[in-house]
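What follows is a short report on a single structure.
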Amino acid sequence: MRVLFLHCDLLEYEVREKALPSAEDLPPEKRRGRIEDALVCFISAEHEDEGDPEGIAREAVRNIEDVAQQVKATRVAIYPYAHLSSSLASSGPAKRIFGLIEERLGKTQFEVLASPFGYYKSFTVRVKGHPLSELSREIHPAGAAAREEASEAVKAEQKLVSEWFIVEPSGALHPLRLDGGMVAGFDFAGHENLRKFASYEMAKSREAKEEPPHARLMRELELVDYEPGSDPGNLRFYAKGRLVKGLLEEFVTRRMIEYGAMEVESPVMYDFEHPALQSYLNRFPARQYIVQTPNKKAFLRFSACFGQFLIAHDMVISYKQLPLSLYELTRYSFRAEQRGELAALRRLRAFTMPDCHALCADLGQAKEQLMVRFEVAWKLLEDTGFRMPEDFEVGMRVTKEFYEGNMEFVNAYARRWGRPLLMEQWSHQFFYYVFKYEWNFVDANLKAAALTTDQIDTENAKRFGITYTDAEGKERHPYILHLSPSGAIERVMYALLEKAAFDIDAGTPPMLPTWLAPVQVRLIPVSKDQLPHCEKLLAEFSGVRADLDDLGDSLNKSVRRAEKEWIPYIAVVGKKEVESGSLTVRVRSTKEQKSMRPAEVMENIARDTEGRPFRPLPLPIRLSKRPTFRG
RNA sequence: GCCACCGUAGCUCAGCCGGUAGAGCGGCGGUUUUGUAAACCGCAGGUCGGGAGUUCGAGCCUCUCCGGUGGCUCCA
């Protein structure tokens, strides 16, 4: 922030026209102003100030008080003046900063005149001209000392008191406490993962130190890799990885449409100045990617919320149409996570997020609909290849008030889940929701990552002006549910790979579910004499992802290669098989080696993949034609 | 963002006290034509992550930037 201090006999201004379209209309008394014998402060808010409006405003006021004291001024004028800096703050944050300065100065003994922000003004100043009457200062955002004073929002969060419980399927409640770093208050026997999850959440325990296994696997399997040419947390997907991701995307989307959601598509970037977005944004100023468009500054979306809320804002909705769901799969959502927080596929800066918002007439309908979506998500994860509910641990977050008023709902949820779950109870509502749940995957390094999540949002309908008309013809704000049925697609891949890593440790062959296996069947001729026969067989495997190892290596080597690729059905074709018309197949899931006819293999795959999307092999069918993406 | 560790051939890694770079796999050429997790021989392949510094001389020491991992903070 830059400030030019002028100790003046007189300041007089008159508003001419708006300089910013978003500037608010002014009451007549604000359109002109005059102050005599005052310290006039011309101020430019700069880009670097955006991260901490509270802090910079506090510093500004401190400086103003300081200078005013020196020149013995009792009156102060604040004059937003863009021309002191070449690195201006965006107008949203700037406006907020000026508001805060005015508010804080108002609490001092000074008489304050604040000229409006966002307008062209004509003005007159007459500077006193004594040695101290002209002075400029640069004020930088909170140094270490200033940062200790938390912003209002952070203070509110700090006041937030969390209580932790285990809720059993019976509804029995067990208050948890930390006892020497260990979670106590519940017998976790038989619920080892829940203990790990509770300890991750409550004690912030980080027990392991290795790289997560999936980070290595994703590269070894030629699925996904880091991209040093981009920004951290923006990954590259090779052909096989794109296939897996594409299939998951299709599956989730199909299930959401079957559920009844209306798929929409919204922009990836939004205008900083858009009034509906500002209050939402200002609370989390440092999290976005900023992009400079030809004529404005925009931010990249960090979820599908805005896009869908802005659509919902313009929709005409009757209570008869509720509940009503909008769905979008964002490719991508962007969050400028701190460097140290990124972790391969678990935590990214650019990720693919299915997001489904349901507008509900009232709390009753919201609770009912939440459980409908619970079933959709449960089935989706189960059909993807997870064990439900064993692969996940529920984190449920509620306000105390919600819990006490809706105990039956919480208990019904716990009964449906069928296993004990972790509940965090907040003393008061700090976030926009009163109820939220996540299904967390606990990985080999004992880290928890949320996949499925749904929330009951009581605030954003008001904030974004989303309304429906009720039976009496009155406009009402709906409750909004925020469901991500699977969580980020990359995170689903992470969980599947981490699950496979558990199998490696347990000594069972790791694999992806057959419907996601990049190659489902590999044909390996014992010698090149069987190649023509294999070529013919390929035609029989239409509708599955089959390929042919025609590299001419030894059988041992070819089998090893196929095993390392986690191929579920490896079919060896030698002299015997050509004569009998059968295949000798290694079935990965059962470790069996048995003689099967091609039709049987097809039936097995059809059974494994029933109801899931299919995509053809996105690679050359003959290995001799296939490049390696990495060594 | 802070602290620590790491970055050498496409991949996985070795490289001593600072003296000018090595293996295996993969690729290419040849021999072999194989019955269920790596046949054999040969060849090519390196700004030692980028930049700056110290030094007669830097993969090795110093600074800085980039990338990765772990911890902290964070996760709307």
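To be explicit about the labels: the chains of the structure tokens are called A, B, and onward in the order shown, and within each one the residues are counted from 1, while ligands get numbers from 1 in the order they are shown.
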
Distance cut-off 7 Å, counting only C-alpha atoms (C1' of nucleotides) - which residues of chain A neighbour chain B? Return them as a CSV table (one decimal) with N, CA, C and O atoms, in the first residue's frame.
chain,number,residue,atom,x,y,z
A,209,LYS,N,6.4,-42.0,7.1
A,209,LYS,CA,7.2,-40.9,6.5
A,209,LYS,C,7.6,-41.2,5.1
A,209,LYS,O,8.3,-40.4,4.4
A,210,GLU,N,7.1,-42.3,4.5
A,210,GLU,CA,7.5,-42.6,3.2
A,210,GLU,C,6.6,-41.9,2.1
A,210,GLU,O,5.6,-41.4,2.4
A,211,GLU,N,7.1,-42.0,0.9
A,211,GLU,CA,6.4,-41.5,-0.2
A,211,GLU,C,5.1,-42.5,-0.3
A,211,GLU,O,5.3,-43.7,-0.1
A,228,PRO,N,7.0,-31.4,-15.0
A,228,PRO,CA,7.8,-30.3,-14.5
A,228,PRO,C,7.6,-29.0,-15.4
A,228,PRO,O,7.9,-27.9,-14.9
A,338,GLN,N,-0.6,-24.9,-1.1
A,338,GLN,CA,0.8,-24.6,-0.8
A,338,GLN,C,1.6,-25.8,-1.2
A,338,GLN,O,1.2,-27.0,-1.2
A,526,VAL,N,3.6,-68.7,-28.0
A,526,VAL,CA,4.8,-69.4,-27.5
A,526,VAL,C,6.0,-69.1,-28.5
A,526,VAL,O,7.1,-68.9,-28.0
A,527,SER,N,5.7,-69.3,-29.7
A,527,SER,CA,6.7,-68.9,-30.7
A,527,SER,C,6.1,-68.2,-31.9
A,527,SER,O,4.8,-68.1,-31.9
A,528,LYS,N,6.9,-67.7,-32.8
A,528,LYS,CA,6.3,-66.8,-33.8
A,528,LYS,C,5.4,-67.7,-34.7
A,528,LYS,O,4.6,-67.1,-35.5
A,554,SER,N,11.3,-64.3,-25.1
A,554,SER,CA,11.0,-65.7,-24.6
A,554,SER,C,9.7,-65.6,-23.9
A,554,SER,O,9.2,-64.5,-23.5
A,555,LEU,N,9.0,-66.8,-23.8
A,555,LEU,CA,7.7,-66.8,-23.1
A,555,LEU,C,7.8,-66.3,-21.7
A,555,LEU,O,7.0,-65.5,-21.2
A,556,ASN,N,8.9,-66.7,-21.0
A,556,ASN,CA,9.1,-66.2,-19.6
A,556,ASN,C,9.1,-64.7,-19.6
A,556,ASN,O,8.4,-64.1,-18.7
A,557,LYS,N,9.8,-64.1,-20.5
A,557,LYS,CA,9.9,-62.6,-20.5
A,557,LYS,C,8.5,-62.0,-20.8
A,557,LYS,O,8.2,-61.0,-20.2
A,559,VAL,N,5.5,-63.2,-20.3
A,559,VAL,CA,4.6,-63.4,-19.1
A,559,VAL,C,5.0,-62.4,-18.1
A,559,VAL,O,4.1,-61.8,-17.5
A,560,ARG,N,6.3,-62.3,-17.8
A,560,ARG,CA,6.7,-61.3,-16.8
A,560,ARG,C,6.2,-59.9,-17.1
A,560,ARG,O,5.7,-59.2,-16.3
A,630,ARG,N,7.5,-44.0,-20.6
A,630,ARG,CA,8.7,-43.7,-19.7
A,630,ARG,C,9.4,-45.1,-19.5
A,630,ARG,O,8.8,-46.1,-19.8
A,631,GLY,N,10.7,-45.0,-19.2
A,631,GLY,CA,11.5,-46.2,-19.1
A,631,GLY,C,10.9,-47.3,-18.3
A,631,GLY,O,11.2,-48.5,-18.4

**Report entry** Every residue of range 4-131 of chain A that DSSP places in strand (DSSP E or B), as a VMD selection string
**Finding:** chain A and resid 4 to 18 32 to 44 46 75 to 80 88 111 to 114 119 to 127

If you keep N, CA and C atoms, can you produce a file of those selected residues as a compact mmCIF listing (two decimals), in the first residue's frame?
# COMPACT_ATOMS: atom_id res chain seq x y z
N LEU A 4 0.02 8.84 0.29
CA LEU A 4 0.57 10.19 0.20
C LEU A 4 -0.18 11.05 1.23
N PHE A 5 0.55 11.54 2.22
CA PHE A 5 -0.07 12.36 3.26
C PHE A 5 0.10 13.83 2.92
N LEU A 6 -0.99 14.60 2.91
CA LEU A 6 -0.90 16.04 2.68
C LEU A 6 -1.65 16.74 3.81
N HIS A 7 -0.92 17.55 4.54
CA HIS A 7 -1.60 18.32 5.59
C HIS A 7 -2.18 19.56 4.93
N CYS A 8 -3.51 19.66 4.90
CA CYS A 8 -4.17 20.66 4.05
C CYS A 8 -5.01 21.66 4.84
N ASP A 9 -5.12 22.83 4.27
CA ASP A 9 -6.11 23.80 4.75
C ASP A 9 -7.49 23.36 4.30
N LEU A 10 -7.50 22.71 3.10
CA LEU A 10 -8.81 22.43 2.50
C LEU A 10 -8.75 21.22 1.57
N LEU A 11 -9.76 20.38 1.65
CA LEU A 11 -10.00 19.38 0.60
C LEU A 11 -11.47 19.46 0.24
N GLU A 12 -11.70 19.49 -1.07
CA GLU A 12 -13.06 19.54 -1.54
C GLU A 12 -13.16 18.61 -2.74
N TYR A 13 -14.19 17.78 -2.79
CA TYR A 13 -14.33 16.92 -3.98
C TYR A 13 -15.78 16.86 -4.41
N GLU A 14 -15.96 16.46 -5.68
CA GLU A 14 -17.30 16.24 -6.19
C GLU A 14 -17.28 15.05 -7.13
N VAL A 15 -18.20 14.12 -6.93
CA VAL A 15 -18.23 12.90 -7.74
C VAL A 15 -18.67 13.24 -9.15
N ARG A 16 -17.97 12.70 -10.16
CA ARG A 16 -18.35 12.90 -11.56
C ARG A 16 -19.05 11.65 -12.10
N GLU A 17 -18.28 10.59 -12.37
CA GLU A 17 -18.91 9.37 -12.90
C GLU A 17 -18.20 8.15 -12.38
N LYS A 18 -18.86 7.01 -12.59
CA LYS A 18 -18.29 5.76 -12.11
C LYS A 18 -17.01 5.41 -12.88
N ARG A 32 -20.58 14.73 -2.66
CA ARG A 32 -19.60 15.80 -2.54
C ARG A 32 -19.14 15.88 -1.10
N GLY A 33 -17.95 16.41 -0.89
CA GLY A 33 -17.45 16.47 0.47
C GLY A 33 -16.47 17.64 0.61
N ARG A 34 -16.31 18.09 1.83
CA ARG A 34 -15.41 19.21 2.08
C ARG A 34 -14.91 19.08 3.50
N ILE A 35 -13.63 19.27 3.69
CA ILE A 35 -13.08 19.22 5.04
C ILE A 35 -11.97 20.25 5.13
N GLU A 36 -11.83 20.89 6.28
CA GLU A 36 -10.81 21.92 6.42
C GLU A 36 -9.83 21.53 7.51
N ASP A 37 -8.60 21.98 7.31
CA ASP A 37 -7.57 21.79 8.32
C ASP A 37 -7.44 20.29 8.66
N ALA A 38 -7.15 19.51 7.64
CA ALA A 38 -7.17 18.06 7.83
C ALA A 38 -5.93 17.41 7.25
N LEU A 39 -5.67 16.19 7.73
CA LEU A 39 -4.64 15.37 7.11
C LEU A 39 -5.32 14.57 6.00
N VAL A 40 -4.93 14.85 4.75
CA VAL A 40 -5.54 14.17 3.61
C VAL A 40 -4.63 13.01 3.21
N CYS A 41 -5.22 11.82 3.13
CA CYS A 41 -4.43 10.63 2.79
C CYS A 41 -4.87 10.07 1.45
N PHE A 42 -4.02 10.25 0.43
CA PHE A 42 -4.27 9.62 -0.86
C PHE A 42 -3.70 8.20 -0.79
N ILE A 43 -4.52 7.22 -1.07
CA ILE A 43 -4.11 5.83 -0.82
C ILE A 43 -4.29 4.95 -2.04
N SER A 44 -3.25 4.17 -2.35
CA SER A 44 -3.37 3.10 -3.35
C SER A 44 -3.22 1.76 -2.65
N GLU A 46 -2.43 -2.06 -3.00
CA GLU A 46 -1.66 -2.78 -3.99
C GLU A 46 -1.93 -4.27 -3.95
N ARG A 75 -8.54 16.22 12.15
CA ARG A 75 -9.43 15.73 11.10
C ARG A 75 -8.61 14.97 10.07
N VAL A 76 -9.23 13.90 9.53
CA VAL A 76 -8.53 13.05 8.56
C VAL A 76 -9.44 12.80 7.36
N ALA A 77 -8.87 12.86 6.16
CA ALA A 77 -9.64 12.50 4.97
C ALA A 77 -8.98 11.31 4.28
N ILE A 78 -9.80 10.33 3.91
CA ILE A 78 -9.32 9.15 3.18
C ILE A 78 -9.71 9.34 1.72
N TYR A 79 -8.71 9.26 0.85
CA TYR A 79 -9.01 9.50 -0.55
C TYR A 79 -8.43 8.36 -1.40
N PRO A 80 -9.26 7.41 -1.85
CA PRO A 80 -8.76 6.33 -2.70
C PRO A 80 -8.17 6.92 -3.97
N LEU A 88 -1.57 -2.34 -8.75
CA LEU A 88 -2.77 -2.11 -7.94
C LEU A 88 -3.44 -3.40 -7.53
N GLU A 111 -12.04 13.14 13.37
CA GLU A 111 -13.19 13.40 12.53
C GLU A 111 -12.79 12.93 11.12
N VAL A 112 -13.60 12.08 10.51
CA VAL A 112 -13.16 11.42 9.28
C VAL A 112 -14.05 11.76 8.09
N LEU A 113 -13.41 12.04 6.98
CA LEU A 113 -14.14 12.17 5.72
C LEU A 113 -13.59 11.11 4.77
N ALA A 114 -14.49 10.24 4.25
CA ALA A 114 -14.02 9.22 3.32
C ALA A 114 -14.64 9.46 1.96
N TYR A 119 -15.04 5.94 -8.24
CA TYR A 119 -15.60 7.06 -8.99
C TYR A 119 -14.51 8.02 -9.46
N TYR A 120 -14.79 8.64 -10.58
CA TYR A 120 -13.95 9.79 -10.95
C TYR A 120 -14.48 10.98 -10.17
N LYS A 121 -13.57 11.78 -9.64
CA LYS A 121 -13.99 12.93 -8.85
C LYS A 121 -13.18 14.15 -9.26
N SER A 122 -13.80 15.27 -9.22
CA SER A 122 -13.00 16.50 -9.32
C SER A 122 -12.64 16.89 -7.90
N PHE A 123 -11.47 17.43 -7.70
CA PHE A 123 -11.14 17.81 -6.33
C PHE A 123 -10.17 19.00 -6.27
N THR A 124 -10.23 19.66 -5.13
CA THR A 124 -9.33 20.78 -4.86
C THR A 124 -8.59 20.48 -3.56
N VAL A 125 -7.29 20.72 -3.54
CA VAL A 125 -6.59 20.63 -2.27
C VAL A 125 -5.75 21.89 -2.10
N ARG A 126 -5.64 22.35 -0.89
CA ARG A 126 -4.70 23.42 -0.62
C ARG A 126 -3.79 22.94 0.51
N VAL A 127 -2.52 22.70 0.15
CA VAL A 127 -1.59 22.12 1.10
C VAL A 127 -0.94 23.23 1.90

Query raised in the report: Got a sec: who's within 12 Å of Ala189 in chain A, counting only C-alpha atoms (C1' of nucleotides), leaving out chain neighbours fewer than 6 positions off, as number ranges by chain?
Result: A: 195-196, 420

Report task. Would you mind listing what lies within 8 Å of Val434 in chain A as a count of residues only, with only C-alpha atoms (C1' of nucleotides) counted and same-chain residues fewer than 2 positions away left out? Result -> 12

Requested in this report: Run DSSP on the backbone and give me the residues of range 502-580 of chain A it puts in helix (DSSP H, G or I), as an MDAnalysis selection string.
Outcome: chainID A and resid 502:506 514:516 528:540 555:564 575:580

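Using only C-alpha atoms (C1' of nucleotides) for every distance, the candidate list A:Thr74, A:Ala539, A:Thr453, A:Gly340 yields A:Gly340 as the residue closest to C3 in chain B.
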